[in-house]
Each structure stands twice: as structure tokens, then as C-alpha cells.
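coords_4.txt follows (compact mmCIF, C-alpha atoms):
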```txt
# COMPACT_ATOMS: atom_id res chain seq x y z
CA MET A 1 -8.83 -136.76 157.52
CA LYS A 2 -5.66 -135.80 155.67
CA ALA A 3 -2.74 -134.63 157.76
CA ILE A 4 -0.40 -132.21 156.07
CA VAL A 5 1.97 -129.41 156.90
CA HIS A 6 0.98 -126.05 155.41
CA LEU A 7 4.10 -123.96 155.59
CA ASP A 8 2.81 -120.55 154.69
CA GLY A 9 3.70 -118.66 151.86
CA ILE A 10 6.52 -118.66 149.31
CA CYS A 11 9.81 -116.89 149.60
CA GLY A 12 9.82 -114.75 146.52
CA ARG A 13 6.76 -116.57 145.19
CA VAL A 14 8.86 -119.15 143.35
CA ARG A 15 6.67 -122.08 142.28
CA PHE A 16 8.70 -125.09 141.18
CA SER A 17 6.22 -127.50 142.76
CA ARG A 18 3.68 -127.74 145.52
CA SER A 19 6.03 -129.66 147.80
CA PHE A 20 8.87 -127.22 147.16
CA ILE A 21 6.55 -124.43 148.24
CA LEU A 22 5.77 -126.17 151.50
CA LEU A 23 9.42 -126.36 152.53
CA MET A 24 10.45 -122.93 151.30
CA SER A 25 7.47 -121.17 152.80
CA LEU A 26 8.16 -122.55 156.27
CA LEU A 27 11.69 -121.20 156.16
CA CYS A 28 10.51 -117.94 154.64
CA ARG A 29 7.83 -117.52 157.31
CA LEU A 30 10.55 -117.56 159.91
CA ALA A 31 13.08 -115.53 157.94
CA MET A 32 10.60 -112.94 156.70
CA GLY A 33 8.63 -112.80 159.91
CA GLN A 34 5.17 -113.98 158.79
CA THR A 35 3.59 -112.70 155.73
CA GLY A 36 3.38 -113.20 152.89
CA ALA A 37 5.46 -115.45 153.52
CA GLY A 38 8.01 -114.91 152.81
CA ASP A 39 7.96 -111.51 151.41
CA PRO A 40 10.44 -108.99 152.61
CA ALA A 41 7.36 -106.95 153.18
CA SER A 42 6.68 -108.85 156.36
CA VAL A 43 8.50 -106.46 158.58
CA SER A 44 7.68 -103.76 161.03
CA THR A 45 8.48 -100.31 159.74
CA GLU A 46 7.73 -98.56 162.97
CA ALA A 47 10.47 -96.04 163.76
CA ARG A 48 11.52 -97.47 167.10
CA SER A 49 13.76 -100.25 168.30
CA ALA A 50 12.82 -103.88 167.77
CA ASP A 51 13.40 -104.55 171.44
CA LYS A 52 10.89 -101.91 172.46
CA SER A 53 8.22 -103.09 170.07
CA SER A 54 8.66 -106.73 170.95
CA SER A 55 8.56 -106.07 174.68
CA GLN A 56 5.27 -104.24 174.34
CA GLU A 57 3.77 -107.17 172.44
CA VAL A 58 5.07 -109.75 174.92
CA ARG A 59 3.20 -108.24 177.86
CA ALA A 60 0.15 -110.10 176.64
CA SER A 61 1.88 -113.47 176.60
CA GLY A 62 4.13 -113.80 179.60
CA PRO A 63 7.19 -112.57 181.50
CA GLN A 64 10.00 -110.71 179.80
CA THR A 65 13.74 -110.83 180.09
CA SER A 66 15.26 -107.93 182.00
CA PRO A 67 16.71 -105.31 179.64
CA ASN A 68 20.05 -105.61 181.47
CA LYS A 69 20.17 -109.36 180.77
CA LYS A 70 18.71 -109.34 177.27
CA LYS A 71 20.83 -111.27 174.81
CA ARG A 72 21.97 -109.96 171.43
CA GLY A 73 19.74 -112.42 169.58
CA GLU A 74 17.62 -115.52 170.03
CA PHE A 75 17.58 -118.96 168.38
CA ILE A 76 14.39 -120.65 167.22
CA ILE A 77 14.67 -124.46 166.87
CA ALA A 78 11.75 -126.72 165.93
CA PRO A 79 11.72 -130.25 164.47
CA ILE A 80 8.30 -130.17 162.78
CA PRO A 81 6.67 -133.52 161.92
CA ILE A 82 5.02 -133.86 158.50
CA SER A 83 2.45 -136.38 157.30
CA SER A 84 1.23 -135.50 153.84
CA PRO A 85 -0.51 -137.39 151.02
CA ALA A 86 1.75 -135.40 148.70
CA VAL A 87 5.24 -136.04 150.12
CA GLY A 88 4.72 -138.76 152.75
CA SER A 89 5.64 -138.79 156.44
CA GLY A 90 8.80 -137.40 157.95
CA VAL A 91 10.28 -134.36 159.64
CA ILE A 92 11.23 -130.77 158.77
CA PRO A 93 14.02 -129.62 161.10
CA VAL A 94 14.13 -125.81 161.33
CA VAL A 95 16.65 -123.50 162.97
CA GLY A 96 16.56 -119.71 162.91
CA TYR A 97 18.36 -116.82 164.56
CA ILE A 98 16.64 -113.47 165.24
CA PHE A 99 19.00 -110.58 166.01
CA PRO A 100 19.59 -106.84 165.54
CA LEU A 101 22.06 -106.32 162.71
CA THR A 102 23.62 -103.32 164.47
CA LYS A 103 23.40 -102.71 168.21
CA ASN A 104 23.12 -98.95 167.84
CA ASP A 105 20.39 -99.12 165.19
CA GLU A 106 17.15 -98.63 167.15
CA ALA A 107 14.95 -97.97 164.12
CA SER A 108 15.44 -101.25 162.25
CA PRO A 109 13.45 -104.39 163.04
CA PRO A 110 15.50 -107.48 163.96
CA SER A 111 17.17 -109.37 161.12
CA VAL A 112 16.65 -113.12 160.65
CA ILE A 113 18.65 -116.00 159.19
CA GLY A 114 17.49 -119.59 159.05
CA ALA A 115 17.81 -123.06 157.58
CA ALA A 116 15.36 -125.93 157.08
CA GLY A 117 15.46 -129.47 155.75
CA LEU A 118 12.97 -132.06 154.56
CA ILE A 119 13.18 -135.84 154.96
CA THR A 120 10.17 -138.10 154.26
CA ASN A 121 9.51 -141.80 153.72
CA ASN A 122 8.54 -141.36 150.04
CA GLY A 123 12.08 -140.35 149.08
CA SER A 124 11.73 -136.56 149.22
CA ARG A 125 14.90 -134.80 150.36
CA ALA A 126 15.47 -131.03 150.39
CA PHE A 127 17.40 -128.22 152.04
CA ALA A 128 16.82 -124.47 152.19
CA VAL A 129 18.52 -121.40 153.69
CA ALA A 130 17.19 -117.84 153.85
CA GLY A 131 17.84 -114.48 155.44
CA GLN A 132 16.45 -110.98 155.74
CA PHE A 133 18.51 -107.97 156.82
CA PHE A 134 17.48 -104.43 157.86
CA ILE A 135 20.16 -101.85 157.22
CA LYS A 136 20.96 -98.24 158.18
CA GLN A 137 18.01 -97.22 160.38
CA ASP A 138 15.62 -99.33 158.29
CA THR A 139 16.47 -97.42 155.12
CA TYR A 140 17.40 -100.55 153.18
CA ARG A 141 16.21 -104.16 153.29
CA ALA A 142 17.90 -107.15 151.69
CA SER A 143 16.39 -110.65 151.43
CA THR A 144 17.76 -113.86 149.95
CA ALA A 145 16.85 -117.56 149.85
CA PHE A 146 18.24 -120.74 148.28
CA PHE A 147 16.62 -124.16 147.89
CA GLU A 148 17.85 -127.47 146.50
CA GLY A 149 16.40 -130.96 146.61
CA ASN A 150 14.26 -133.68 145.09
CA LEU A 151 10.55 -133.89 145.84
CA ASN A 152 7.97 -136.57 145.15
CA TYR A 153 4.37 -135.28 144.98
CA ASN A 154 1.03 -135.66 143.21
CA LEU A 155 -0.44 -133.43 140.51
CA TYR A 156 -4.24 -133.21 140.29
CA GLY A 157 -4.35 -130.99 137.20
CA LEU A 158 -5.50 -127.43 136.49
CA GLY A 159 -8.87 -126.05 137.55
CA ILE A 160 -11.64 -126.74 140.05
CA ALA A 161 -12.91 -129.81 138.19
CA ALA A 162 -9.48 -131.47 138.28
CA GLY A 163 -9.13 -130.86 142.02
CA ASN A 164 -12.60 -132.24 142.72
CA ALA A 165 -11.97 -135.37 140.65
CA GLU A 166 -9.19 -136.57 143.01
CA VAL A 167 -7.26 -138.21 140.15
CA LYS A 168 -3.54 -137.89 140.82
CA LEU A 169 -0.42 -138.03 138.68
CA PRO A 170 2.63 -139.04 140.79
CA LEU A 171 5.63 -136.86 139.90
CA LYS A 172 9.25 -136.49 140.96
CA GLN A 173 10.91 -133.09 140.69
CA ASP A 174 14.59 -132.33 141.17
CA GLY A 175 15.78 -128.74 141.20
CA ALA A 176 17.32 -125.68 142.80
CA VAL A 177 16.30 -122.04 143.00
CA PHE A 178 17.76 -118.74 144.22
CA MET A 179 15.79 -115.60 145.10
CA GLY A 180 17.13 -112.16 146.00
CA GLU A 181 15.45 -108.82 146.79
CA PHE A 182 16.63 -105.35 147.69
CA GLN A 183 14.27 -102.59 148.89
CA ARG A 184 14.67 -98.94 149.76
CA ARG A 185 12.40 -96.70 151.79
CA VAL A 186 11.00 -94.03 149.46
CA VAL A 187 8.49 -92.21 151.66
CA GLY A 188 7.05 -92.84 155.11
CA ARG A 189 6.70 -96.59 155.55
CA PHE A 190 6.57 -97.39 151.87
CA PHE A 191 9.39 -99.55 150.43
CA ILE A 192 10.09 -100.56 146.84
CA GLY A 193 12.86 -102.38 145.03
CA PRO A 194 13.95 -104.99 142.48
CA ARG A 195 13.93 -108.78 142.82
CA VAL A 196 15.45 -111.66 140.87
CA ILE A 197 14.62 -115.37 140.67
CA THR A 198 16.64 -118.04 138.92
CA GLY A 199 16.53 -121.81 139.06
CA HIS A 200 16.22 -125.10 137.26
CA SER A 201 14.19 -128.30 137.61
CA PHE A 202 13.65 -131.71 136.04
CA ILE A 203 10.29 -133.51 136.34
CA THR A 204 9.56 -137.21 135.75
CA VAL A 205 6.53 -139.45 136.32
CA ARG A 206 6.95 -141.85 139.23
CA GLN A 207 6.27 -145.48 138.40
CA GLU A 208 3.64 -146.23 141.01
CA GLY A 209 -0.07 -146.84 140.49
CA SER A 210 -2.09 -145.80 137.45
CA THR A 211 -3.89 -142.57 136.61
CA SER A 212 -5.83 -140.97 133.82
CA THR A 213 -4.48 -137.50 134.59
CA PRO A 214 -2.88 -136.04 131.42
CA VAL A 215 0.89 -135.75 131.57
CA PRO A 216 1.84 -132.04 131.35
CA PRO A 217 4.32 -130.97 128.65
CA ASP A 218 6.83 -129.93 131.35
CA VAL A 219 7.44 -133.57 132.31
CA GLY A 220 10.69 -135.01 130.97
CA LEU A 221 12.18 -131.59 130.24
CA ARG A 222 15.06 -129.91 132.00
CA THR A 223 13.69 -126.44 132.66
CA GLN A 224 15.51 -123.19 133.40
CA LEU A 225 13.43 -120.30 134.79
CA THR A 226 14.77 -116.77 135.30
CA ALA A 227 12.86 -113.60 136.17
CA VAL A 228 13.35 -110.02 137.24
CA GLY A 229 10.60 -108.21 139.08
CA VAL A 230 9.46 -105.50 141.45
CA THR A 231 8.35 -105.70 145.06
CA ALA A 232 6.61 -103.00 147.10
CA ASN A 233 5.10 -102.92 150.56
CA ARG A 234 3.78 -100.75 153.35
CA ASP A 235 3.84 -102.17 156.87
CA THR A 236 2.57 -100.48 160.05
CA ARG A 237 2.66 -103.50 162.38
CA PRO A 238 4.58 -102.91 165.63
CA ASN A 239 5.67 -106.60 165.75
CA ARG A 240 5.74 -108.63 162.55
CA PHE A 241 5.83 -112.01 164.35
CA TYR A 242 2.64 -111.44 166.38
CA PRO A 243 0.98 -108.13 165.45
CA LEU A 244 -1.62 -106.67 167.78
CA SER A 245 -2.42 -103.76 165.46
CA GLY A 246 -1.51 -102.21 162.13
CA THR A 247 -1.76 -103.20 158.48
CA LEU A 248 0.39 -104.85 155.84
CA PHE A 249 0.15 -104.25 152.09
CA ASN A 250 2.30 -106.39 149.85
CA PHE A 251 2.78 -106.44 146.07
CA THR A 252 5.17 -108.54 143.98
CA SER A 253 5.55 -109.00 140.23
CA ASP A 254 7.90 -111.35 138.39
CA PHE A 255 8.63 -111.30 134.66
CA PHE A 256 10.05 -114.52 133.21
CA ALA A 257 11.46 -114.02 129.69
CA PHE A 258 13.45 -115.81 127.02
CA ALA A 259 15.88 -112.89 127.04
CA PHE A 260 16.85 -113.77 130.64
CA GLY A 261 17.53 -117.41 129.73
CA SER A 262 14.12 -118.64 130.88
CA LYS A 263 12.55 -121.59 129.03
CA TYR A 264 9.09 -120.03 129.50
CA SER A 265 7.85 -116.48 129.02
CA PHE A 266 5.15 -115.44 131.51
CA GLN A 267 4.26 -112.98 134.27
CA SER A 268 3.25 -113.52 137.89
CA TYR A 269 1.50 -111.01 140.19
CA ARG A 270 0.62 -111.23 143.90
CA VAL A 271 -1.27 -108.75 146.10
CA GLU A 272 -1.85 -109.19 149.84
CA PHE A 273 -3.54 -107.06 152.49
CA ASN A 274 -3.62 -107.84 156.22
CA LYS A 275 -5.24 -105.87 159.04
CA TYR A 276 -4.95 -106.45 162.80
CA GLY A 277 -6.89 -105.14 165.78
CA SER A 278 -6.75 -105.82 169.53
CA LEU A 279 -10.05 -106.66 171.24
CA SER A 280 -8.22 -106.74 174.59
CA PRO A 281 -4.58 -107.14 175.74
CA LYS A 282 -4.81 -110.90 175.03
CA GLN A 283 -7.23 -110.97 172.09
CA VAL A 284 -6.48 -110.15 168.44
CA LEU A 285 -8.69 -110.15 165.36
CA ALA A 286 -6.72 -110.60 162.12
CA TYR A 287 -7.98 -110.21 158.54
CA ASN A 288 -6.27 -111.39 155.35
CA ALA A 289 -7.06 -110.88 151.65
CA PHE A 290 -4.96 -112.33 148.81
CA PHE A 291 -5.04 -112.15 145.01
CA CYS A 292 -2.89 -113.96 142.47
CA ALA A 293 -2.74 -113.72 138.66
CA THR A 294 -0.56 -115.35 136.02
CA GLY A 295 -0.17 -114.23 132.40
CA GLY A 296 1.64 -115.57 129.35
CA LYS A 297 2.48 -119.27 128.97
CA PRO A 298 3.73 -120.62 132.31
CA PRO A 299 4.52 -124.25 133.22
CA PHE A 300 1.83 -125.88 135.36
CA TYR A 301 3.72 -125.25 138.62
CA ALA A 302 3.97 -121.48 137.96
CA ASN A 303 0.20 -120.92 138.12
CA CYS A 304 -1.62 -119.78 141.27
CA ILE A 305 -1.60 -122.65 143.77
CA TYR A 306 -4.35 -122.76 146.39
CA GLY A 307 -3.37 -123.46 149.99
CA THR A 308 0.36 -122.82 149.80
CA ARG A 309 0.07 -119.59 151.79
CA ASN A 310 -2.59 -120.93 154.15
CA GLU A 311 -5.27 -119.57 151.82
CA LEU A 312 -7.12 -121.43 152.96
CA ARG A 313 -6.36 -124.02 155.63
CA GLY A 314 -8.54 -127.07 155.08
CA TYR A 315 -7.15 -127.89 151.63
CA GLU A 316 -4.17 -129.97 150.57
CA ALA A 317 -1.69 -127.39 149.36
CA GLY A 318 -1.71 -127.31 145.58
CA ARG A 319 -4.74 -129.50 144.99
CA TYR A 320 -6.41 -126.59 143.19
CA ILE A 321 -4.26 -124.77 140.59
CA ASP A 322 -5.26 -122.20 137.96
CA ARG A 323 -4.44 -118.84 136.34
CA TYR A 324 -6.19 -116.74 138.98
CA MET A 325 -6.79 -117.11 142.70
CA ILE A 326 -8.57 -115.09 145.38
CA ALA A 327 -8.90 -115.76 149.11
CA THR A 328 -10.10 -113.89 152.17
CA GLN A 329 -10.22 -115.00 155.80
CA LEU A 330 -10.68 -113.84 159.37
CA GLU A 331 -8.91 -115.24 162.44
CA TYR A 332 -9.52 -114.77 166.18
CA ARG A 333 -6.44 -115.19 168.41
CA LEU A 334 -6.45 -115.62 172.20
CA VAL A 335 -3.35 -115.79 174.43
CA LEU A 336 -3.63 -118.28 177.33
CA PRO A 337 -1.40 -118.82 180.40
CA LYS A 338 1.69 -121.04 180.34
CA ARG A 339 2.84 -120.01 176.83
CA PHE A 340 -0.27 -121.43 175.16
CA GLY A 341 -2.85 -119.82 172.89
CA VAL A 342 -5.83 -120.75 170.70
CA VAL A 343 -7.24 -119.47 167.41
CA ALA A 344 -10.41 -119.87 165.35
CA PHE A 345 -10.56 -119.02 161.65
CA GLY A 346 -12.79 -119.07 158.58
CA GLY A 347 -12.83 -117.78 155.04
CA ILE A 348 -13.61 -118.35 151.38
CA GLY A 349 -11.70 -118.25 148.11
CA GLY A 350 -11.23 -120.03 144.82
CA VAL A 351 -9.24 -120.56 141.63
CA ALA A 352 -10.36 -119.91 138.05
CA PRO A 353 -9.00 -119.62 134.49
CA GLY A 354 -10.52 -116.12 134.20
CA GLY A 355 -11.89 -113.37 136.43
CA ARG A 356 -15.53 -113.95 135.49
CA MET A 357 -15.37 -117.57 136.63
CA PHE A 358 -15.10 -116.50 140.27
CA PHE A 359 -18.78 -115.54 140.23
CA ARG A 360 -19.77 -119.18 139.75
CA SER A 361 -20.62 -121.03 142.96
CA SER A 362 -18.66 -124.10 141.78
CA ALA A 363 -15.44 -122.05 141.87
CA LEU A 364 -15.75 -121.15 145.57
CA LEU A 365 -13.71 -123.03 148.17
CA PRO A 366 -14.79 -122.22 151.76
CA ALA A 367 -12.90 -123.32 154.87
CA GLY A 368 -12.84 -122.96 158.64
CA GLY A 369 -11.18 -124.42 161.69
CA ALA A 370 -9.29 -123.91 164.95
CA GLY A 371 -5.75 -124.21 166.25
CA LEU A 372 -3.38 -124.33 169.21
CA ARG A 373 -0.34 -122.11 169.76
CA PHE A 374 2.81 -122.53 171.86
CA LEU A 375 5.20 -119.63 172.48
CA LEU A 376 8.75 -120.44 171.31
CA SER A 377 10.24 -116.97 171.82
CA LYS A 378 9.08 -114.63 174.55
CA SER A 379 11.29 -111.77 173.36
CA TYR A 380 9.79 -111.66 169.85
CA HIS A 381 6.54 -113.59 170.41
CA VAL A 382 7.21 -116.31 167.83
CA ASN A 383 4.69 -119.15 168.07
CA LEU A 384 4.68 -122.78 167.03
CA ARG A 385 1.24 -123.39 165.57
CA ALA A 386 -0.95 -126.44 164.96
CA ASP A 387 -4.22 -125.96 163.02
CA LEU A 388 -7.11 -128.24 162.12
CA GLY A 389 -8.86 -126.97 158.97
CA VAL A 390 -12.07 -128.15 157.31
CA GLY A 391 -12.47 -127.51 153.59
CA LYS A 392 -15.01 -128.29 150.90
CA ASN A 393 -14.11 -131.94 150.58
CA GLU A 394 -11.33 -132.71 153.05
CA HIS A 395 -9.79 -132.04 156.46
CA THR A 396 -6.18 -131.04 157.08
CA PHE A 397 -3.90 -130.80 160.08
CA SER A 398 -1.05 -128.33 159.63
CA MET A 399 1.94 -127.19 161.70
CA GLY A 400 4.32 -124.28 161.21
CA ILE A 401 6.28 -121.44 162.78
CA SER A 402 4.69 -118.02 163.36
CA GLU A 403 1.09 -117.13 162.55
CA ALA A 404 -0.68 -118.17 159.35
CA PHE A 405 -0.80 -114.52 158.24
```
In C-alpha cells, write the structure found in this file.
Amino acid sequence: MKAIVHLDGICGRVRFSRSFILLMSLLCRLAMGQTGAGDPASVSTEARSADKSSSQEVRASGPQTSPNKKKRGEFIIAPIPISSPAVGSGVIPVVGYIFPLTKNDEASPPSVIGAAGLITNNGSRAFAVAGQFFIKQDTYRASTAFFEGNLNYNLYGLGIAAGNAEVKLPLKQDGAVFMGEFQRRVVGRFFIGPRVITGHSFITVRQEGSTSTPVPPDVGLRTQLTAVGVTANRDTRPNRFYPLSGTLFNFTSDFFAFAFGSKYSFQSYRVEFNKYGSLSPKQVLAYNAFFCATGGKPPFYANCIYGTRNELRGYEAGRYIDRYMIATQLEYRLVLPKRFGVVAFGGIGGVAPGGRMFFRSSALLPAGGAGLRFLLSKSYHVNLRADLGVGKNEHTFSMGISEAF
């Protein structure tokens, strides 16, 4: 069994490497409140106070703090262990702060700021900070994230066949990236706005072992990537950290171009849909569907990467990479006494160089599994999760903050 940490999603969908995604998506999951990871779309747009919505959700999980004694905000601290065939063994310390930006603003969800690090025994070192802010009665939303570090990981190659072959190319990637978004409510619970991504990286082959995996043209080059894009979402969840009901629709598009100073010219698109329903006060059924597409001539790490957003658990994040990706899954969640909970999940997806290839059975990647939850924050129902996933050809154990989707 392979033990890894799947850290949900990508803040701004930046893809400098698989390992980079793992660290950034953990921080983004906390800062963006579970989504799409890290999309600013992962927020409740319900026109009521965050305190009211969170207190209604918490009734299913345990006692609440008296309104008269409720603090302005709440810290989330979690040193998460990591043991991954990609980046080695170590720890990801995470700290976050959830708080209302303005005391008198009862319409906006709580804002979040956070920081995370990465230290492993294979030499990987990284640091990330992120934040999401809800402004003026949830009329505006601003999100930002920054990452810098060096990461040692393995590249399997592009396509299903490369992932199945288990032939690895050991790489080292140094780099930094900044992402910023600004959204405005246009009608009802629909938000739209611009986004920008800029960063640089340098990739080299690590001198350890031997492999027949072809060396990608990106290796040995100092690469600058810059994009402008559009993000849109509609969110009806009453609590974005642990929704009992509602839906989330998320769309992002990024356009990397030579005119912006980018070394590569390509386009990236992501679409996500989540739906939640309560079977009882302590039982939730959650559904997730995800689609990814890449056009133009991207570097290998800018393609769709399977498993980085927990689509699906049971696969080493980034083992399967290609131009297109689809995934769909269902998860059952049960709240238990003493801050604990359990989940069971299953789904199917795949990667392919073209849309027609998804209809081939060899392109499908099914997965299933179960997990344990521990409640870190009663006020906002933020969980620490541990999941055991079973994929087509491997097992994974993953840990993270907040739900997988």
C-alpha cells in the first residue's frame, strides 16, 4: 500500500508540479473552505450571518459555544504527517484563522487566512500563504495565494499507458507562484470576476536510479508562466466547510500567452459541480463531478493531473496526466459522538488525449474507500480527515483539512 497525502484541489488551478499541487491545495482547502479547492467559489452565498449558518450545521456534531461567549474568530492548527512515494516522508504544518471581516456584516461568510509548510526527508522544502475575504455584505470576494519552494518528485509521463507502466523519472523543481482573484455578485448567488497567475520554475533530473522515461523538453529550462482568466461560481451551501444541503457550481479558465511574458501559450479550463443532501440530522450524501481540459501547447505539468483534487482517492496524485480529465464520485458522511465521524466513497474517472478516448474501457480509473473524521472546529464544523482509498492498481492513505469535496 502506498501512503500519501492528497491535499485537495489547487488554489487557482496552478500546476507547476504534482508535489506543488499537494501543498498548495491543502492550504487552499482551508483558505477557500473546501472546494474546488481552492476556488474562491467555495463559499456560502446564503444571505445570513456566518455565525447563524455555522451554528445550524454544528447541531449535528456536538455542543456549541454560547452566543454571548463566542469569539471573533477561531484558529485551526494541524501538523499533518506525510509519507509519499513522490516527495518522501515528513510533515506539513498548517495554521489558519477563520473570522468575520466586519462584525456588523451578517450577510458575508467568514473570511480565512492561512499558512502551510512542507518538510520531507527527500529534500523537499516549501512554504505557502493564502487568504480569502468577503466584503460589503458579500458583494465582493477577493482571494490570493503565494507559494515558494523546491520539490523532489517523480514523473510517470503522459497518458494512461505511462501511468500503468510505473516507470518513473525523478525530478527536482524549484519555483514560486502568485495567484489573485476578484469576484463581484452579478445576480442572485452568481459571482464572476477576473483572475491572474504568475510564476516561475526550474526543473532538473535528480541523479538517483535509472529510468527509460523520456525527459520532457521543460527539463533544464527556466520557465516563466503568466495568465489572465475568468472565474465564475454559484453556491447555495449554508456552510462551505461541512455542507448539509445545497449545490456548488464552479468554472475557471486561464489563458497563458506570450504577450503576458509566458514562455508557453496554452489554455486551461475547469468545471466542477457538487450537490449535498441530508438523509438525517447526522447523515449527508455528497456528489461531485469534475471536468478538466487543456488546449494549446502547455508544459507537461500544466495538463490535467488525476488525483490532485481527490478525484479520485486511491491514486497517487499526478500518476495519470493528460489533456483531458473527467471524474465523478459519491460520498456518504456520518457524524459520530465525541467529535468523530466516518465516510464511505466511490467513483470513476479517467484521463485521455481527446474526448473520444474516454469511451475506451482502458481509460477508466475507478476507486472506492472509507475514512475517519475528527472535528477541529465546532463553530464552523471543520474536520481533520484520514481516508483509505483503493484504485485500479494501488492503495493510498491520505490526510487533509476539511472534506474532500
Considering all atoms listed in the file, give me a table of residues in stretch 91-197 of chain A that are at most 12 Å from stretch 369-380 of chain A, with the closest atom pair and distance in Å for each, as a Markdown table.
```
| residue | atom | partner | partner_atom | distance |
| --- | --- | --- | --- | --- |
| A:Val95 | CA | A:Leu376 | CA | 11.9 |
| A:Gly96 | CA | A:Ser377 | CA | 11.3 |
| A:Tyr97 | CA | A:Ser377 | CA | 10.9 |
| A:Ile98 | CA | A:Tyr380 | CA | 8.5 |
| A:Phe99 | CA | A:Tyr380 | CA | 10.0 |
| A:Pro100 | CA | A:Tyr380 | CA | 11.7 |
| A:Pro109 | CA | A:Tyr380 | CA | 10.6 |
| A:Pro110 | CA | A:Tyr380 | CA | 9.2 |
| A:Ser111 | CA | A:Tyr380 | CA | 11.7 |
| A:Val112 | CA | A:Tyr380 | CA | 11.6 |
```
Could you name the residues that touch A:Asp322 at 7 Å or less, counting all atoms listed in the file, but leaving out those on the same chain fewer than 5 positions away, as a list in words? Leu158, Gly159, Asn303, Cys304, Ile305, Val351, Ala352 and Pro353 of chain A
Applying 7 Å and only C-alpha atoms, which residues near A:Leu221 remain after dropping the ones on its own chain fewer than 3 positions away? List them as JSON, numbers by chain. {"A": [202, 203, 218]}
Hey, can you check how far atom CA of A:Arg360 sits from atom CA of A:Asn310?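 About the pair atom CA of A:Arg360 and atom CA of A:Asn310: they are 22.5 Å apart.
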Measure the distance from atom CA of A:Lys282 to atom CA of A:Glu106 in Å and round it to one decimal. 26.4 Å
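The point (13.8, -128.2, 156.5) has these residues within 6 Å of it, counting all atoms listed in the file: Ile92, Pro93, Val94, Ala116, Gly117, Leu118 and Phe127 of chain A.
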Taking all atoms listed in the file into account, which of A:Tyr276, A:Tyr315, A:Phe182, A:Phe256 comes nearest A:Asn239?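 So, comparing all the options, the nearest one is A:Tyr276.
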Excluding A:Arg185 and its own-chain neighbours fewer than 4 positions away, which residues fall within 8 Å of it when counting only C-alpha atoms? Please give them as a list in words. Asp138, Thr139, Tyr140, Arg189, Phe190, Phe191 and Ile192 of chain A
Radius query 9 Å about (-1.8, -116.8, 141.5), atoms used: all atoms listed in the file, as a PyMOL selection string: chain A and resi 268-270+291-294+302-306+321-326+351
Residue among A:Pro298, A:Gly199, A:Gly354, A:Gly88 lying closest to A:Ser124, counting only C-alpha atoms: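 Under the stated criterion, the closest residue is A:Gly88.
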Nearest to A:Ser143: which of A:Glu331, A:Asp174, A:Glu181, A:Glu166 is it, counting all atoms listed in the file? A:Glu181
Given only C-alpha atoms as the basis, pick out the residue of A:His395, A:Arg206, A:Arg195, A:Lys275 nearest to A:Thr252.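 Counting only C-alpha atoms, the residue closest to A:Thr252 is A:Arg195.
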